[in-house]
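Structure file entry_2.cif (mmCIF, C-alpha atoms and all ligand atoms) is printed below.
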```cif
data_coords
loop_
_atom_site.label_atom_id
_atom_site.label_comp_id
_atom_site.auth_asym_id
_atom_site.auth_seq_id
_atom_site.Cartn_x
_atom_site.Cartn_y
_atom_site.Cartn_z
CA MET A 504 -12.77 -12.03 18.12
CA SER A 505 -10.83 -9.93 15.62
CA LEU A 506 -9.07 -11.46 12.63
CA ASP A 507 -5.72 -10.50 14.22
CA GLN A 508 -6.63 -12.59 17.26
CA LYS A 509 -7.86 -15.50 15.14
CA ALA A 510 -4.56 -15.52 13.21
CA ALA A 511 -2.64 -15.36 16.51
CA ARG A 512 -4.67 -18.26 17.88
CA VAL A 513 -3.95 -20.46 14.83
CA PHE A 514 -0.26 -19.60 14.35
CA GLY A 515 0.83 -18.07 17.65
CA ASP A 516 2.43 -19.60 20.73
CA ASP A 517 4.35 -18.55 23.83
CA GLU A 518 7.74 -19.53 22.45
CA PRO A 519 10.38 -16.86 21.76
CA THR A 520 10.55 -15.22 18.34
CA HIS A 521 14.26 -14.28 18.23
CA PHE A 522 16.66 -15.39 15.49
CA GLY A 523 17.19 -19.15 15.77
CA SER A 524 13.79 -19.82 17.37
CA GLY A 525 12.21 -21.00 14.11
CA TRP A 526 9.68 -18.17 14.16
CA MET A 527 11.26 -16.14 11.38
CA SER A 528 11.86 -19.16 9.14
CA GLY A 529 8.29 -20.36 9.77
CA THR A 530 6.74 -16.98 9.02
CA ILE A 531 8.80 -16.53 5.84
CA SER A 532 7.94 -20.08 4.81
CA VAL A 533 4.19 -19.40 5.12
CA PHE A 534 4.61 -16.10 3.25
CA LEU A 535 6.55 -17.78 0.42
CA GLY A 536 3.97 -20.61 0.33
CA VAL A 537 1.11 -18.15 -0.12
CA MET A 538 3.10 -16.36 -2.85
CA ALA A 539 3.82 -19.63 -4.68
CA VAL A 540 0.23 -20.93 -4.53
CA GLY A 541 -1.07 -17.54 -5.74
CA ALA A 542 1.42 -17.43 -8.61
CA VAL A 543 0.57 -20.98 -9.74
CA ILE A 544 -3.17 -20.13 -9.71
CA CYS A 545 -2.35 -17.12 -11.94
CA PHE A 546 -0.85 -19.48 -14.54
CA TYR A 547 -4.05 -21.57 -14.63
CA ILE A 548 -6.45 -18.71 -15.41
CA PRO A 549 -4.21 -15.84 -16.54
CA GLU A 550 -6.94 -14.11 -18.57
CA LEU A 551 -9.06 -13.59 -15.44
CA LEU A 552 -6.46 -13.27 -12.68
CA THR A 553 -3.70 -11.23 -14.29
CA SER A 554 -3.69 -7.72 -15.68
CA PRO A 555 -2.65 -7.11 -19.31
CA GLU A 556 -0.39 -4.20 -18.28
CA VAL A 557 1.60 -6.37 -15.86
CA ARG A 558 1.65 -9.32 -18.29
CA ALA A 559 3.12 -7.08 -20.97
CA VAL A 560 6.19 -6.16 -18.92
CA LEU A 561 6.85 -9.33 -16.88
CA PRO A 562 9.73 -11.54 -18.06
CA ILE A 563 7.74 -14.81 -17.82
CA PRO A 564 10.72 -17.28 -18.01
CA LEU A 565 12.33 -15.43 -15.10
CA ILE A 566 9.03 -15.48 -13.17
CA ARG A 567 8.80 -19.27 -13.68
CA THR A 568 12.31 -19.72 -12.25
CA LEU A 569 11.43 -17.38 -9.39
CA ILE A 570 8.35 -19.50 -8.55
CA GLN A 571 10.52 -22.64 -8.38
CA LEU A 572 12.96 -20.85 -6.08
CA VAL A 573 10.13 -19.56 -3.87
CA ILE A 574 8.77 -23.12 -3.55
CA ALA A 575 12.23 -24.53 -2.73
CA PHE A 576 12.90 -21.89 -0.06
CA GLY A 577 9.35 -22.30 1.29
CA PHE A 578 10.05 -26.03 1.78
CA LEU A 579 13.50 -25.51 3.31
CA LEU A 580 12.44 -22.80 5.75
CA GLY A 581 9.32 -24.77 6.67
CA PHE A 582 11.48 -27.79 7.59
CA LEU A 583 13.91 -25.57 9.50
CA SER A 584 11.09 -24.00 11.50
CA ALA A 585 9.51 -27.39 12.25
CA LEU A 586 12.90 -28.59 13.51
CA LEU A 587 13.52 -25.56 15.72
CA ARG A 588 10.07 -24.91 17.11
CA LYS A 589 8.01 -26.96 19.55
CA ARG A 590 4.71 -25.90 18.02
CA LYS A 591 4.99 -26.94 14.36
CA VAL A 592 2.02 -25.14 12.86
CA LEU A 593 4.07 -22.40 11.10
CA GLY A 594 6.57 -24.85 9.59
CA PHE A 595 3.95 -27.41 8.57
CA THR A 596 1.71 -24.74 6.99
CA GLY A 597 4.69 -23.46 4.99
CA ILE A 598 5.57 -26.99 3.85
CA ALA A 599 1.93 -27.75 2.97
CA LEU A 600 1.62 -24.55 0.88
CA ALA A 601 4.93 -25.20 -0.92
CA MET A 602 3.80 -28.78 -1.61
CA LEU A 603 0.45 -27.56 -2.94
CA ALA A 604 2.22 -25.14 -5.28
CA ALA A 605 4.65 -27.87 -6.44
CA LEU A 606 1.85 -30.41 -7.02
CA GLY A 607 -0.04 -27.72 -8.95
CA GLY A 608 2.85 -27.59 -11.41
CA GLY A 609 5.04 -24.93 -9.81
CA GLY A 610 6.65 -22.68 -12.39
CA ASN A 611 6.01 -25.20 -15.19
CA VAL A 612 2.25 -24.79 -15.66
CA PRO A 613 1.85 -24.47 -19.44
CA VAL A 614 0.00 -21.52 -20.93
CA GLU A 615 -1.42 -22.37 -24.38
CA GLY A 616 -0.97 -19.61 -26.95
CA ALA A 617 -1.34 -15.91 -26.25
CA VAL A 618 -3.42 -14.94 -23.23
CA GLN A 619 -6.80 -13.56 -24.32
CA THR A 620 -7.73 -10.12 -23.06
CA THR A 621 -11.08 -10.32 -21.28
CA PRO A 622 -13.36 -7.34 -20.55
CA VAL A 623 -13.06 -7.93 -16.81
CA TYR A 624 -9.97 -9.15 -14.96
CA LEU A 625 -8.45 -9.15 -11.48
CA GLY A 626 -4.91 -8.15 -10.56
CA LEU A 627 -3.79 -11.17 -8.52
CA ASP A 628 -0.38 -10.96 -10.22
CA TRP A 629 -0.18 -7.26 -9.39
CA PHE A 630 -0.98 -8.05 -5.74
CA LEU A 631 1.63 -10.82 -5.45
CA LEU A 632 4.33 -8.84 -7.21
CA ASN A 633 3.83 -5.68 -5.18
CA LEU A 634 3.49 -7.52 -1.88
CA LEU A 635 6.71 -9.43 -2.52
CA LEU A 636 8.70 -6.35 -3.59
CA LEU A 637 7.42 -4.10 -0.80
CA ALA A 638 7.81 -6.76 1.90
CA VAL A 639 11.37 -7.55 0.75
CA VAL A 640 12.32 -3.86 0.96
CA PHE A 641 10.32 -2.54 3.91
CA VAL A 642 10.24 -5.41 6.43
CA PRO A 643 14.07 -5.45 6.72
CA LEU A 644 14.18 -1.61 6.78
CA GLU A 645 11.72 -1.56 9.69
CA LYS A 646 13.69 -4.26 11.49
CA VAL A 647 17.10 -2.60 11.08
CA TRP A 648 15.99 1.02 11.63
CA PRO A 649 12.73 0.84 13.55
CA HIS A 650 11.19 4.05 14.85
CA ARG A 651 9.18 2.07 17.38
CA ARG A 652 11.38 -0.73 18.60
CA GLY A 653 9.67 -4.02 19.28
CA GLN A 654 6.68 -3.29 17.01
CA SER A 655 5.90 -6.58 15.29
CA VAL A 656 5.17 -7.03 11.61
CA PHE A 657 1.95 -8.51 13.00
CA ARG A 658 0.94 -5.37 14.90
CA VAL A 659 -2.64 -4.36 15.70
CA GLY A 660 -4.72 -4.27 12.52
CA TRP A 661 -2.26 -6.11 10.24
CA THR A 662 -4.93 -8.49 8.95
CA THR A 663 -7.27 -5.58 8.13
CA ASP A 664 -4.53 -3.73 6.25
CA THR A 665 -3.51 -6.88 4.37
CA ILE A 666 -7.13 -7.21 3.18
CA TYR A 667 -7.07 -3.55 2.04
CA PHE A 668 -3.82 -4.22 0.18
CA PHE A 669 -5.28 -7.39 -1.37
CA VAL A 670 -8.60 -5.86 -2.45
CA SER A 671 -7.11 -2.65 -3.85
CA HIS A 672 -4.65 -4.62 -5.99
CA LEU A 673 -7.21 -7.20 -7.08
CA LEU A 674 -9.55 -4.44 -8.27
CA VAL A 675 -6.78 -2.64 -10.18
CA GLN A 676 -8.89 -2.55 -13.37
CA MET A 677 -11.78 -0.82 -11.64
CA SER A 678 -9.62 1.65 -9.74
CA THR A 679 -7.65 2.59 -12.89
CA LEU A 680 -10.92 3.12 -14.76
CA LEU A 681 -12.38 5.25 -11.97
CA THR A 682 -9.16 7.27 -11.72
CA LEU A 683 -9.18 8.15 -15.42
CA MET A 684 -12.95 8.59 -15.83
CA PRO A 685 -13.70 11.95 -14.14
CA ALA A 686 -10.92 13.67 -16.08
CA GLN A 687 -11.82 12.10 -19.44
CA LEU A 688 -15.58 12.63 -19.04
CA PHE A 689 -15.74 16.13 -17.61
CA PHE A 690 -12.48 17.92 -18.42
CA ASP A 691 -12.01 17.34 -22.13
CA TRP A 692 -12.95 20.96 -22.72
CA ALA A 693 -9.97 22.19 -20.69
CA ILE A 694 -7.39 20.64 -23.01
CA HIS A 695 -5.38 23.07 -25.15
CA PRO A 696 -3.01 21.43 -27.65
CA ALA A 697 -0.61 24.37 -27.42
CA VAL A 698 -0.37 24.05 -23.63
CA GLN A 699 0.08 20.28 -23.82
CA GLY A 700 2.72 20.71 -26.53
CA ALA A 701 4.65 23.15 -24.37
CA VAL A 702 4.40 20.83 -21.34
CA ARG A 703 5.61 17.82 -23.33
CA SER A 704 8.51 19.69 -24.90
CA GLN A 705 10.17 20.08 -21.48
CA PRO A 706 12.90 17.75 -20.22
CA PHE A 707 11.88 14.50 -18.44
CA VAL A 708 13.03 15.62 -14.98
CA LEU A 709 11.19 18.93 -15.19
CA GLN A 710 7.96 17.19 -16.21
CA PHE A 711 8.40 14.66 -13.40
CA LEU A 712 8.81 17.44 -10.80
CA GLN A 713 5.82 19.27 -12.24
CA CYS A 714 3.72 16.08 -11.98
CA MET A 715 4.70 15.92 -8.30
CA LEU A 716 3.81 19.55 -7.68
CA VAL A 717 0.53 19.61 -9.62
CA ALA A 718 -0.62 16.32 -8.09
CA ASP A 719 0.35 17.44 -4.61
CA LEU A 720 -1.54 20.73 -4.97
CA ALA A 721 -4.66 18.78 -5.97
CA GLU A 722 -4.08 16.13 -3.30
CA TYR A 723 -3.53 18.81 -0.63
CA THR A 724 -6.86 20.47 -1.48
CA ILE A 725 -8.88 17.25 -1.57
CA HIS A 726 -7.19 15.92 1.55
CA ARG A 727 -8.05 19.11 3.45
CA TYR A 728 -11.66 18.84 2.30
CA PHE A 729 -11.79 15.27 3.58
CA HIS A 730 -10.74 16.57 6.99
CA LYS A 731 -13.02 19.59 7.04
CA SER A 732 -16.25 18.25 5.59
CA ARG A 733 -18.65 16.58 8.03
CA TRP A 734 -19.77 14.30 5.18
CA LEU A 735 -16.40 13.36 3.81
CA TRP A 736 -14.49 12.94 7.07
CA PRO A 737 -15.93 9.49 8.03
CA PHE A 738 -14.59 8.07 4.74
CA HIS A 739 -11.11 9.45 5.41
CA ALA A 740 -11.32 8.63 9.15
CA VAL A 741 -10.82 5.01 8.12
CA HIS A 742 -7.26 5.90 6.98
CA HIS A 743 -6.64 7.62 10.31
CA SER A 744 -7.94 4.71 12.39
CA SER A 745 -4.58 2.88 12.44
CA THR A 746 -3.07 3.02 15.90
CA GLU A 747 0.28 1.69 14.73
CA MET A 748 2.16 2.87 11.67
CA ASP A 749 4.14 0.77 9.24
CA TRP A 750 4.59 0.19 5.50
CA LEU A 751 1.23 -1.57 5.27
CA ALA A 752 -0.77 1.01 7.26
CA GLY A 753 -1.02 3.38 4.29
CA SER A 754 -3.12 0.79 2.44
CA ARG A 755 -6.04 1.40 4.80
CA LEU A 756 -8.09 3.67 2.53
CA HIS A 757 -11.86 3.60 2.06
CA VAL A 758 -12.86 3.03 -1.56
CA VAL A 759 -14.62 6.44 -1.67
CA ASP A 760 -11.40 8.08 -0.42
CA ILE A 761 -9.37 6.29 -3.13
CA VAL A 762 -11.78 7.06 -5.98
CA LEU A 763 -12.31 10.74 -5.11
CA THR A 764 -8.67 11.48 -4.31
CA ARG A 765 -7.15 9.69 -7.30
CA GLY A 766 -9.88 10.77 -9.72
CA LEU A 767 -9.53 14.45 -8.83
CA THR A 768 -5.73 14.37 -8.56
CA PHE A 769 -5.56 12.98 -12.08
CA VAL A 770 -7.57 15.90 -13.55
CA PRO A 771 -4.73 18.48 -13.70
CA LEU A 772 -2.26 15.80 -14.86
CA PHE A 773 -4.66 14.91 -17.68
CA VAL A 774 -5.40 18.49 -18.68
CA LEU A 775 -1.72 19.46 -18.78
CA GLY A 776 -0.98 16.34 -20.83
CA PHE A 777 2.36 15.21 -19.45
CA ASP A 778 4.37 12.73 -21.51
CA THR A 779 3.78 9.08 -20.58
CA GLY A 780 7.43 8.60 -19.49
CA PRO A 781 7.50 11.20 -16.70
CA LEU A 782 3.86 10.45 -15.81
CA TYR A 783 4.51 6.72 -15.34
CA ALA A 784 7.73 7.48 -13.46
CA TYR A 785 5.68 9.70 -11.17
CA LEU A 786 3.05 6.95 -10.65
CA VAL A 787 5.79 4.50 -9.62
CA PHE A 788 7.36 7.13 -7.35
CA VAL A 789 4.07 8.05 -5.65
CA SER A 790 3.19 4.42 -4.92
CA VAL A 791 6.57 3.73 -3.24
CA HIS A 792 6.74 7.13 -1.52
CA ALA A 793 3.23 6.64 -0.04
CA VAL A 794 4.38 3.35 1.49
CA PHE A 795 7.62 4.90 2.77
CA ILE A 796 5.99 7.86 4.57
CA HIS A 797 3.81 5.49 6.62
CA SER A 798 6.65 3.09 7.43
CA ASN A 799 8.03 2.49 10.90
CA VAL A 800 11.46 3.75 9.87
CA SER A 801 13.41 6.05 12.19
CA TRP A 802 15.71 7.60 9.59
CA ARG A 803 16.68 11.10 10.60
CA PHE A 804 17.04 13.45 7.67
CA PRO A 805 18.76 16.84 7.71
CA ARG A 806 16.27 19.65 8.29
CA TRP A 807 16.60 20.89 4.69
CA VAL A 808 15.59 17.45 3.35
CA GLU A 809 12.57 17.41 5.67
CA ASN A 810 11.63 20.83 4.28
CA VAL A 811 11.92 19.72 0.67
CA ILE A 812 10.22 16.31 0.66
CA VAL A 813 7.69 14.55 2.88
CA THR A 814 9.42 12.06 5.22
CA PRO A 815 7.93 9.43 7.56
CA ARG A 816 8.22 11.84 10.53
CA PHE A 817 6.20 14.51 8.68
CA HIS A 818 3.40 12.13 7.71
CA HIS A 819 3.43 10.34 11.07
CA TRP A 820 2.52 13.73 12.57
CA HIS A 821 -0.47 13.81 10.22
CA HIS A 822 -1.64 10.58 11.88
CA ALA A 823 -0.75 11.75 15.40
CA ILE A 824 -3.15 11.50 18.33
CA GLU A 825 -1.83 14.80 19.78
CA ARG A 826 -4.40 17.61 19.59
CA GLU A 827 -1.90 20.21 18.33
CA ALA A 828 -1.18 18.01 15.28
CA ILE A 829 -4.83 17.54 14.22
CA ASP A 830 -5.59 18.90 10.72
CA LYS A 831 -1.90 19.47 9.97
CA ASN A 832 0.55 18.21 7.32
CA PHE A 833 -1.84 17.51 4.44
CA ALA A 834 0.82 17.45 1.72
CA VAL A 835 2.05 14.10 0.45
CA HIS A 836 5.17 15.29 -1.40
CA PHE A 837 6.10 18.89 -0.58
CA PRO A 838 5.93 20.11 3.04
CA PHE A 839 6.22 23.73 1.84
CA LEU A 840 2.58 23.54 0.74
CA ASP A 841 1.58 23.19 4.40
CA LYS A 842 3.90 26.07 5.33
CA LEU A 843 2.35 28.17 2.56
CA PHE A 844 -1.22 27.44 3.64
CA GLY A 845 -0.59 27.56 7.41
CA THR A 846 -1.12 23.89 8.21
CA TYR A 847 2.47 22.84 8.94
CA TYR A 848 3.37 21.01 12.15
CA GLY A 849 6.82 19.60 12.81
CA PRO A 850 8.48 20.07 16.20
CA GLU A 851 12.24 19.69 15.81
CA GLY A 852 13.27 16.03 15.81
CA ALA A 853 10.16 14.86 17.72
CA TRP A 854 7.76 12.05 16.83
CA PRO A 855 4.12 11.63 17.90
CA ALA A 856 3.35 9.77 21.14
CA GLY A 857 0.56 7.82 19.46
CA TYR A 858 -1.54 7.46 16.33
CA GLY A 859 -5.24 7.30 15.51
CA ILE A 860 -8.37 9.27 16.35
CA GLU A 861 -9.41 10.23 19.87
CA GLY A 862 -12.13 7.89 21.10
CA ASN A 863 -11.46 5.35 18.32
CA PRO A 864 -14.76 5.96 16.47
CA VAL A 865 -13.92 3.67 13.53
CA PRO A 866 -14.67 -0.05 14.05
CA ASP A 867 -12.06 -2.77 13.40
CA GLY A 868 -12.13 -4.90 10.27
CA PHE A 869 -12.44 -4.30 6.53
CA ALA A 870 -16.20 -4.97 6.16
CA LYS A 871 -17.20 -2.84 9.15
CA GLN A 872 -14.98 0.00 7.95
CA LEU A 873 -16.52 -0.22 4.47
CA VAL A 874 -20.02 0.53 5.80
CA TYR A 875 -18.93 2.74 8.71
CA PRO A 876 -19.20 6.09 6.85
CA VAL A 877 -22.73 5.37 5.61
CA ARG A 878 -24.13 3.89 8.82
CA PRO A 879 -26.72 6.28 10.25
CA GLY A 880 -25.85 7.77 13.62
CA LYS A 881 -22.22 6.70 13.34
CA ARG A 882 -20.79 9.94 12.01
CA SER A 883 -18.14 11.48 14.13
CA GLY A 884 -17.40 15.19 13.90
CA ALA A 885 -14.61 16.42 11.66
CA ALA A 886 -11.15 15.99 13.12
ZN ZN A 901 -5.69 12.77 6.52
ZN ZN A 902 -1.49 8.45 5.83
#
```
Rewrite the coordinates I just gave you, this time as structure tokens.
Ligand SMILES: [Zn+2]
Ligand SMILES: [Zn+2]
Amino acid sequence: MSLDQKAARVFGDDEPTHFGSGWMSGTISVFLGVMAVGAVICFYIPELLTSPEVRAVLPIPLIRTLIQLVIAFGFLLGFLSALLRKRKVLGFTGIALAMLAALGGGGNVPVEGAVQTTPVYLGLDWFLLNLLLLAVVFVPLEKVWPHRRGQSVFRVGWTTDTIYFFVSHLLVQMSTLLTLMPAQLFFDWAIHPAVQGAVRSQPFVLQFLQCMLVADLAEYTIHRYFHKSRWLWPFHAVHHSSTEMDWLAGSRLHVVDIVLTRGLTFVPLFVLGFDTGPLYAYLVFVSVHAVFIHSNVSWRFPRWVENVIVTPRFHHWHHAIEREAIDKNFAVHFPFLDKLFGTYYGPEGAWPAGYGIEGNPVPDGFAKQLVYPVRPGKRSGAA
């Protein structure tokens, strides 16, 4: 039984899920409960469970108030759901989680002195923060403007993708290190102070756009290699194994895919030496844009916008099951790169009929997908 099915067995029922049925309040209550418990745990062992970069910018008093609010709403919505719904498991789970967070101290857990920086840490705070922000933005967007109507937040593979999201955020220290390492170790020689000086003397917006272009050129090349190479494809096939697209589907990336793509994409950014301001702005942009282009959002953009910047429709075609769309649309920011290199596919106004890889060669579940590319005899041909 898949994890999706196990979750459905524990929390699911045959009752309706429309507004007023107690399903939405119950689901939100469980979500808020998980958030609150996670946040309280962060306050107990901040040196191990939170990242120094996030700690440095978070307004802690505001976060403490937010935790109290999350607990209060978790309680309220849990009660509401339990009142409205025959099967009480959603409501009671939400109440139990909110209670656990409150008994654990809620937003008032004291932190003695300054938090020590330890050599190894996990990004539980980074996970909670990003999940909350992205869910608050993208779940309503996909409900109000869905491309595929009726697709649930809990679509096929949602548990797998949540684990990907969780693990990649938890291991933020390792992934940052591995992203910076190839450039710092092997491309020091390529740095020219005069070139870096000229790059940095440009206006913020120009540097930001150059970051996008340089990164996309690198990303395009690596991405195409992942599709063409018999050895690399199984690692990237994991990303293409989603049969339903939404904001969480983009998280499904094999660790080898992440490390190689990010590590190599960072090389030209490092060598050119962009200012930290535009570089960080680009990193924020790319993380949100990557989520957006996978999302189940039907927004129709004018043709000129679709030609300038990658939209969900463009990237959905990259994931399409249709044969004519295979090995097309490799760019992540600028569709003109695909036009330039002859890999563009974008029939006017149309969306793919389905997503995934013919024959579904990739198994379900995080652990199986982790070993899939290195299992002998399991290699599928390049797409
Ligand atoms: Zn791909
Ligand atoms: Zn994708």
| query | Pick from A:Leu756, A:Gln699, A:Ser798, A:Pro685: nearest to Thr768 in chain A, with only C-alpha atoms counted? | reply | A:Pro685
Contacts to ligand ZN 902 (chain A) at 8 Å cut-off (all atoms listed in the file) as a compact mmCIF listing (two decimals) with C-alpha atoms, in the coordinates of the input:
```
# COMPACT_ATOMS: atom_id res chain seq x y z
CA HIS A 742 -7.26 5.90 6.98
CA HIS A 743 -6.64 7.62 10.31
CA ALA A 752 -0.77 1.01 7.26
CA GLY A 753 -1.02 3.38 4.29
CA ALA A 793 3.23 6.64 -0.04
CA ILE A 796 5.99 7.86 4.57
CA HIS A 797 3.81 5.49 6.62
CA HIS A 818 3.40 12.13 7.71
CA HIS A 819 3.43 10.34 11.07
CA HIS A 821 -0.47 13.81 10.22
CA HIS A 822 -1.64 10.58 11.88
```
| request: Extract, using all atoms listed in the file, all DNA, RNA and protein residues at most 10 Å from Ala599 in chain A, discarding same-chain residues fewer than 6 positions from it, and format them as a PyMOL selection string. | output: chain A and resi 532-533+536+577-578+581+593+605
| query | What is the CA of Val717 in chain A-CA of Pro771 in chain A distance in Å, reported with one decimal? | reply |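 One can read the CA of Val717 in chain A to CA of Pro771 in chain A distance as 6.8 Å.
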Which residues of chain A come within 10 Å of ligand ZN 901 (chain A), and for each one, what is the closest pair of atoms and their distance in Å to one decimal, counting all atoms listed in the file, sorted by chain and residue number, as JSON lines?
```
{"residue": "A:Tyr723", "atom": "CA", "partner": "A:ZN901", "partner_atom": "ZN", "distance": 9.6}
{"residue": "A:Ile725", "atom": "CA", "partner": "A:ZN901", "partner_atom": "ZN", "distance": 9.8}
{"residue": "A:His726", "atom": "CA", "partner": "A:ZN901", "partner_atom": "ZN", "distance": 6.1}
{"residue": "A:Arg727", "atom": "CA", "partner": "A:ZN901", "partner_atom": "ZN", "distance": 7.4}
{"residue": "A:Tyr728", "atom": "CA", "partner": "A:ZN901", "partner_atom": "ZN", "distance": 9.5}
{"residue": "A:Phe729", "atom": "CA", "partner": "A:ZN901", "partner_atom": "ZN", "distance": 7.2}
{"residue": "A:His730", "atom": "CA", "partner": "A:ZN901", "partner_atom": "ZN", "distance": 6.3}
{"residue": "A:Trp736", "atom": "CA", "partner": "A:ZN901", "partner_atom": "ZN", "distance": 8.8}
{"residue": "A:His739", "atom": "CA", "partner": "A:ZN901", "partner_atom": "ZN", "distance": 6.5}
{"residue": "A:Ala740", "atom": "CA", "partner": "A:ZN901", "partner_atom": "ZN", "distance": 7.5}
{"residue": "A:Val741", "atom": "CA", "partner": "A:ZN901", "partner_atom": "ZN", "distance": 9.4}
{"residue": "A:His742", "atom": "CA", "partner": "A:ZN901", "partner_atom": "ZN", "distance": 7.1}
{"residue": "A:His743", "atom": "CA", "partner": "A:ZN901", "partner_atom": "ZN", "distance": 6.5}
{"residue": "A:His818", "atom": "CA", "partner": "A:ZN901", "partner_atom": "ZN", "distance": 9.2}
{"residue": "A:His821", "atom": "CA", "partner": "A:ZN901", "partner_atom": "ZN", "distance": 6.5}
{"residue": "A:His822", "atom": "CA", "partner": "A:ZN901", "partner_atom": "ZN", "distance": 7.1}
{"residue": "A:Ile829", "atom": "CA", "partner": "A:ZN901", "partner_atom": "ZN", "distance": 9.1}
{"residue": "A:Asp830", "atom": "CA", "partner": "A:ZN901", "partner_atom": "ZN", "distance": 7.4}
{"residue": "A:Lys831", "atom": "CA", "partner": "A:ZN901", "partner_atom": "ZN", "distance": 8.4}
{"residue": "A:Asn832", "atom": "CA", "partner": "A:ZN901", "partner_atom": "ZN", "distance": 8.3}
{"residue": "A:Phe833", "atom": "CA", "partner": "A:ZN901", "partner_atom": "ZN", "distance": 6.5}
{"residue": "A:Ala834", "atom": "CA", "partner": "A:ZN901", "partner_atom": "ZN", "distance": 9.3}
{"residue": "A:Val835", "atom": "CA", "partner": "A:ZN901", "partner_atom": "ZN", "distance": 9.9}
{"residue": "A:Ala886", "atom": "CA", "partner": "A:ZN901", "partner_atom": "ZN", "distance": 9.2}
```
| message | With distances taken over all atoms listed in the file, which residue among A:Val540, A:Leu840, A:Val670, A:Leu751 lies nearest Asn799 in chain A? | response | A:Leu751
| So which residues touch Phe669 in chain A within 9 Å, counting all atoms listed in the file, skipping near sequence neighbours fewer than 4 positions away, as a PyMOL selection string? | chain A and resi 627+630-631+634+664-665+673-674
| query | Do you know which residues are at most 12 Å from Trp802 in chain A counting only C-alpha atoms, after dropping those on the same chain fewer than 6 positions away, and could you put them as a PyMOL selection string? | reply | chain A and resi 644-645+647-651+795-796+808-809+814-817+852+854
Restricted to C-alpha atoms, what would the selected residues look like written as a tab-separated table (two decimals), in the coordinates of the input?
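Okay, this is what ended up in result-v7.tsv:
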```tsv
chain	number	residue	atom	x	y	z
A	644	LEU	CA	14.18	-1.61	6.78
A	645	GLU	CA	11.72	-1.56	9.69
A	647	VAL	CA	17.10	-2.60	11.08
A	648	TRP	CA	15.99	1.02	11.63
A	649	PRO	CA	12.73	0.84	13.55
A	650	HIS	CA	11.19	4.05	14.85
A	651	ARG	CA	9.18	2.07	17.38
A	795	PHE	CA	7.62	4.90	2.77
A	796	ILE	CA	5.99	7.86	4.57
A	808	VAL	CA	15.59	17.45	3.35
A	809	GLU	CA	12.57	17.41	5.67
A	814	THR	CA	9.42	12.06	5.22
A	815	PRO	CA	7.93	9.43	7.56
A	816	ARG	CA	8.22	11.84	10.53
A	817	PHE	CA	6.20	14.51	8.68
A	852	GLY	CA	13.27	16.03	15.81
A	854	TRP	CA	7.76	12.05	16.83
```
| said: Could you check the closest approach to Leu600 in chain A for each of A:Val612, A:Leu637, A:Val770, A:Met538 and tell me which residue wins, using only C-alpha atoms? | reply: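 Among A:Val612, A:Leu637, A:Val770, A:Met538, it is A:Met538 that comes nearest to Leu600 in chain A.
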| field | Top pick for closest residue to Phe804 in chain A, considering A:Glu851, A:Pro562, A:Ser655, A:Arg765 and counting only C-alpha atoms | value |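 Ranking A:Glu851, A:Pro562, A:Ser655, A:Arg765 by distance to Phe804 in chain A, first place goes to A:Glu851.
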| Looking at A:Ala511, A:Val762, A:Val789, A:Val543, which one is nearest to Gln571 in chain A, with distances taken over all atoms listed in the file? |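 When distances to Gln571 in chain A are compared using all atoms listed in the file, the smallest one comes from A:Val543.
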| Straight-line distance linking CA of Ile812 in chain A with CA of Phe839 in chain A, stated in Å to one decimal |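 If I compute the distance from CA of Ile812 in chain A to CA of Phe839 in chain A, I get 8.5 Å.
Picture a line from CA of Thr764 in chain A to CA of Leu551 in chain A; it runs 27.4 Å.
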| With only C-alpha atoms as the basis for distance, which of A:Ala697, A:Ala823, A:Val791, A:Val800 is at the shortest distance from Val774 in chain A? |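 Going through A:Ala697, A:Ala823, A:Val791, A:Val800 one by one, the smallest distance to Val774 in chain A is for A:Ala697.
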Determine, counting all atoms listed in the file, which protein, DNA and RNA residues have an atom within 10 Å of an atom of Leu873 in chain A; residues of the same chain fewer than 6 positions away are not included. Present the result as a PDB file with C-alpha atoms, in the coordinates of the input.
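Writing done, so here's selection_8.pdb:
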```pdb
ATOM      1  CA  PHE A 738     -14.590   8.070   4.740  1.00  0.00           C
ATOM      2  CA  VAL A 741     -10.820   5.010   8.120  1.00  0.00           C
ATOM      3  CA  LEU A 756      -8.090   3.670   2.530  1.00  0.00           C
ATOM      4  CA  HIS A 757     -11.860   3.600   2.060  1.00  0.00           C
ATOM      5  CA  VAL A 758     -12.860   3.030  -1.560  1.00  0.00           C
ATOM      6  CA  VAL A 759     -14.620   6.440  -1.670  1.00  0.00           C
ATOM      7  CA  PRO A 866     -14.670  -0.050  14.050  1.00  0.00           C
TER       8      PRO A 866
END
```
| Excluding same-chain residues fewer than 2 positions from Leu625 in chain A, what lies within 12 Å of it counting all atoms listed in the file, as a PyMOL selection string? | chain A and resi 545+548-557+620-623+627-631+669-679
Neighbours of point (-1.3, 9.2, 16.7) within 7 Å, using all atoms listed in the file, written as a PDB file with C-alpha atoms, keeping the file's coordinate frame:
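Everything below was put into part-v1.pdb:
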```
ATOM      1  CA  THR A 746      -3.070   3.020  15.900  1.00  0.00           C
ATOM      2  CA  HIS A 822      -1.640  10.580  11.880  1.00  0.00           C
ATOM      3  CA  ALA A 823      -0.750  11.750  15.400  1.00  0.00           C
ATOM      4  CA  ILE A 824      -3.150  11.500  18.330  1.00  0.00           C
ATOM      5  CA  GLU A 825      -1.830  14.800  19.780  1.00  0.00           C
ATOM      6  CA  PRO A 855       4.120  11.630  17.900  1.00  0.00           C
ATOM      7  CA  ALA A 856       3.350   9.770  21.140  1.00  0.00           C
ATOM      8  CA  GLY A 857       0.560   7.820  19.460  1.00  0.00           C
ATOM      9  CA  TYR A 858      -1.540   7.460  16.330  1.00  0.00           C
ATOM     10  CA  GLY A 859      -5.240   7.300  15.510  1.00  0.00           C
TER      11      GLY A 859
END
```
